[in-house]
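S.K.: The following block contains the structure, expressed as structure tokens.
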Amino acid sequence: MYIHSSSFDLQGERKSMYKQSENSFFKCGEKTSPISVILVTSGSRGNKLLFRYPFQRVADCTSSLTTKQRSPYALNTTGDVLEDPDGDSRFSDIILATILATKSDMCGKKFELKIDNVRFVGHPTLLQHPHTIQVSKTDPSPKREMPTMILFSVVFALRANADPSVISCMHNLSRRIAIALQHEERRCQYLTREAKLMLAMQDEVTNMTETDGSPQSPFRQILPKCKLARDLKEAYDRFVKTPYKIMYLWIVSLFLQCRCNNRVCCVSSLCTTGVVRLHINNWLEVSFCLPHKIHRVGGNHVPPEALERSLKAIRPYHALLLLDSEKALLAQLPLDCSPALVRLIKTCSAVKNLQQLAQDADLNLLQIFQIAAHLVYWGKAIIVYPLCENNVYMLSPHANISLYSPLAEGFGQQFPSHDLPSMLAKFSLPLSLSEFRNPLDASVQEAQLIQMVVWMLQRRLLIQLHTYVCLLVPPSEEEPGLLRDEELPLVARVGGRSLSTPSALSFGSPTSSDDMTLTSPSMDNSSAELLPGGDSPLNRRMTETLLASLTEHERQVILNIPAAQSPEDLRMFARLLHYFRGHHHLEEIMYNENMRRSQLKTLFDKFRSVLVVTNHEDPVISLFQSPLG
Amino acid sequence: MGTDRIECIFFSEFHPTLGPKITYQVPEEYISRELFDTVQVYIITKPELQNKLITVTAMGKKLIGCPVCIEHKKYSRNALLFNLGLVCDARTKTCALEPIVKKLSGYLTTLELESGFISNEESKQKLLPIMSTLLEELNATGACTLPIDESNTINLKLIEQRRDPLIVQEYDVPVFTQCKDHFIKSQWDLTTQQILAYIDGFRHIQKISAEADVELNLVRIAVQNLLYYGVVTLVSIFQYSNVYCTTPTVQSLIDDRSIQEECLNYVTKKGQKRAFLRDVFQLYCGLTPGTTVRDLCSRYSQQLQRVDERRLIQYGLIKALIRRLQKYPVKVTRDERSRPPRLYTGCHSYDEICCKTGMSYKELDERLENDPNIIVCWK
């Protein structure tokens, strides 16, 4: 079940029972790392295991500590003690070949097999017969029987308790490698050639073992000679050895896929430092991103579905904050990447919202959304609200404020003579940027202060607070004691209406067209002023309609407020009524309705007897405000 | 239980002439010829895979089995190979079923060794009704008790898999998530029984340990156990000097009728008429960084007429409508010669430091406020 650990939690934060021991090769409890990678094929020669990494102990004797990848003295801190901490080393090559090289009717689908504590996941792929065997009728030489490969599978062995989303991601990777290999096989028999090499090496080593008597792992010999083996090894290494860095392999981009028939091309993909570029046959790139490694909230990974939900909720008034410097990011892009991406990165800025970015980069909003989502998915950027004077920031509950954290060190290097904890202490109470920029000692440059805030945002140390408003009318004098209808807030009664911003659909969400005519929030003309002024019948009727969704009691209370006597104010209030459900923050209302902050604040103040105001982070982007793993 | 429905139970063996086959399956014809052909290598396996729990997914189905091999001269081919397995839909989470499969294979092995249950054609036929009963009862109640013969009974139970619990610290406060009276004390272990009375949502672990006279680590383990089963959840110590702030979840008080009802019932002072939603919501929204509970009480005294502020805070924490802002002292400057700070590193909250050192909050505050080298972060 679980093991009680009495070790003191130095971080002072709640941590899961599964601590990660950095000494153990297999990262006990590290559920996102594979145990090994295996390549099997099935063909006319039967089932074969071509390659496997990490190399297994060849000799069965358990005394050889040197070849053991895991010291017997290393702490095994997993909760459920594995019967065999060495994972899949119990499985011989032959048995693996039998169980992993499936029958052809399992091809083209996800393959998942669990044996005790090990879960194998792959995507067996059928190969067509090579086209090159063309026997000319005039050719007198006898037909050479070429051993044909019918199917192959790149299988990852994972811990049985790996999260389902990790399993499906590894399956995804297996499938993409398979697509690339299948393609290369069709084009130039790449796989057949590599397989031949691998089998030859295996035979050679077996022969050597028989003559010498010294056991060796054939795979060790294969490695320097076979490119495919090296690629697989690299894929595995990157996932296991450096789990805290952001890991990528190349992938066919979900968002920017090249529309070539039957060809799998790599377009605009991203890569970062420490990245493996899997160039299958030095030609095709296979890249992959395990979002579990990138997006973690307080130690637990963010499931991809939550990530995708958040990405869908990005709005034009959000901004993209790059997590690397522009130069660094551009340097990591491949030569054949999309120019749109380059333009976006060059014009991107923390003070610009996505709509402005679209204009500046000369791209349509839909593209911007897609590229932004792409960058966020890959952990290269986060979504924030554009930096401006009135933004209020506070210390994130997940922030690491330890004196000795690497963040503190990094900060000290970047901003000498300042220390991170002191800066962070300033944000203990919510602080607006304008307040922060008026320090008591004017010696600090303003620009540097902004840089510090950006630095802290990039490292998820700060969260931004927004103001949310809710309409709650004081209950009437007669009290039956039960929750009457009047007490049901607006949202429960406005049944049919969708809860999302009605204007989101018209204002450039990913599904709409890009011919918006919305002006930026900084412009002065409020749409309220565009309507005929005064107490015209049109306005009165409009106000009445808007207030119709309220109950009689609510209407009465609102109309009794002194401010409601002013038709302008009442009209504005009525128009904004649907925002007062606690789901739309001030900046969103400002953007959607083209209003200034001061206008809104005044309105809230005037109607404060029926409105309840609170400040908290935006749940939509709070996903991006959590720390990396 | 729940969505883990077992679709089929099958008994497969290696027939001396026909090879691997399914001898019995309930319901009949569930596993097609095709499916069995595809997966038979995982059902009746090579020796290397015997006695291992094997789960294979194929054709939209998941098969879980544990192949058994009993070697003896008396069997044709000198060995008896069989496998009693379960079939579910491919999307089902089957971790809970694995111990059942393992246990079943153990039972059958014992039966065979003791009385030749399987190799004897007559007794083997009893398997079919056994499998039917198993299927029915496991799906219905998640448990099954089935006598096989005079000396053997099968006892099976599906255990729900739960998430690992958090580490419980001394300054955490356990609070029951359901009504305390629902629990039958005698079902719990002695330690838990002893501390049960002291779990009131206000006592922290250290205090419970002191008052119940149970060693601290035992209390931690016991509470962790309760946490695992979802019986309690952890909140922080309540003090009037505490500072809280709202989370985005606070809006659920407006959106969700059931949470409203629950909240209003929970926080209303005993003997008073039910509090108004508006008042309660205003109170929660009145919790902001920099505002202590004491401040809240003085500012919103009118709203607090019908509301118990302690239970208000408690409910808010349980449902994550609010979160506590803890103070973390950091010693930013120090002499070269003095020791590096042990507790003032930004990793330990006031709660923790007070618990560990025995100081009161006020004492700690006074001590730190006057120290120019120490800054305090709230988060």
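Identifiers in this document derive from the order of the structure tokens: chains are assigned A, B, ..., residues are numbered from 1 separately in each chain, and ligands are numbered from 1 in order of occurrence.
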Write down, as a PyMOL selection string, each residue of chain B that has any atom within 8 Å of an atom of chain A, counting only C-alpha atoms.

M.R.: chain B and resi 38+41-42+46+48+52-59+164-167+217+221+245-248+251+254-255+273-274+276-278+281-282+285-286+288-290+330-332+345-349+375-379

S.K.: Figure out the distance between atom CA of Phe219 of chain A and atom CA of Thr41 of chain A, please, to one decimal in Å.

M.R.: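 Separating atom CA of Thr41 of chain A from atom CA of Phe219 of chain A is a distance of 15.5 Å.
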
S.K.: Just want the 12 Å neighbourhood of Thr125 of chain A, counted on only C-alpha atoms, with same-chain residues fewer than 3 positions away dropped. Output as a ChimeraX atom specification.

M.R.: /A:39-42,100-111,122,128,149-155,174-183,185

S.K.: When you look at Val168 of chain B with a cut-off of 8 Å (counting only C-alpha atoms), what residues show up, excluding the ones that are within fewer than 3 positions of it in the same chain? I need them as a list in words.

M.R.: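 The filter keeps Asp172, Arg220, Ile221, Val223 and Gln224 of chain B.
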
S.K.: Using Å and a single decimal, report how far atom CA of Lys180 of chain B sits from atom CA of Val231 of chain B.

M.R.: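 Rounded to one decimal, the two atoms are 9.0 Å apart.
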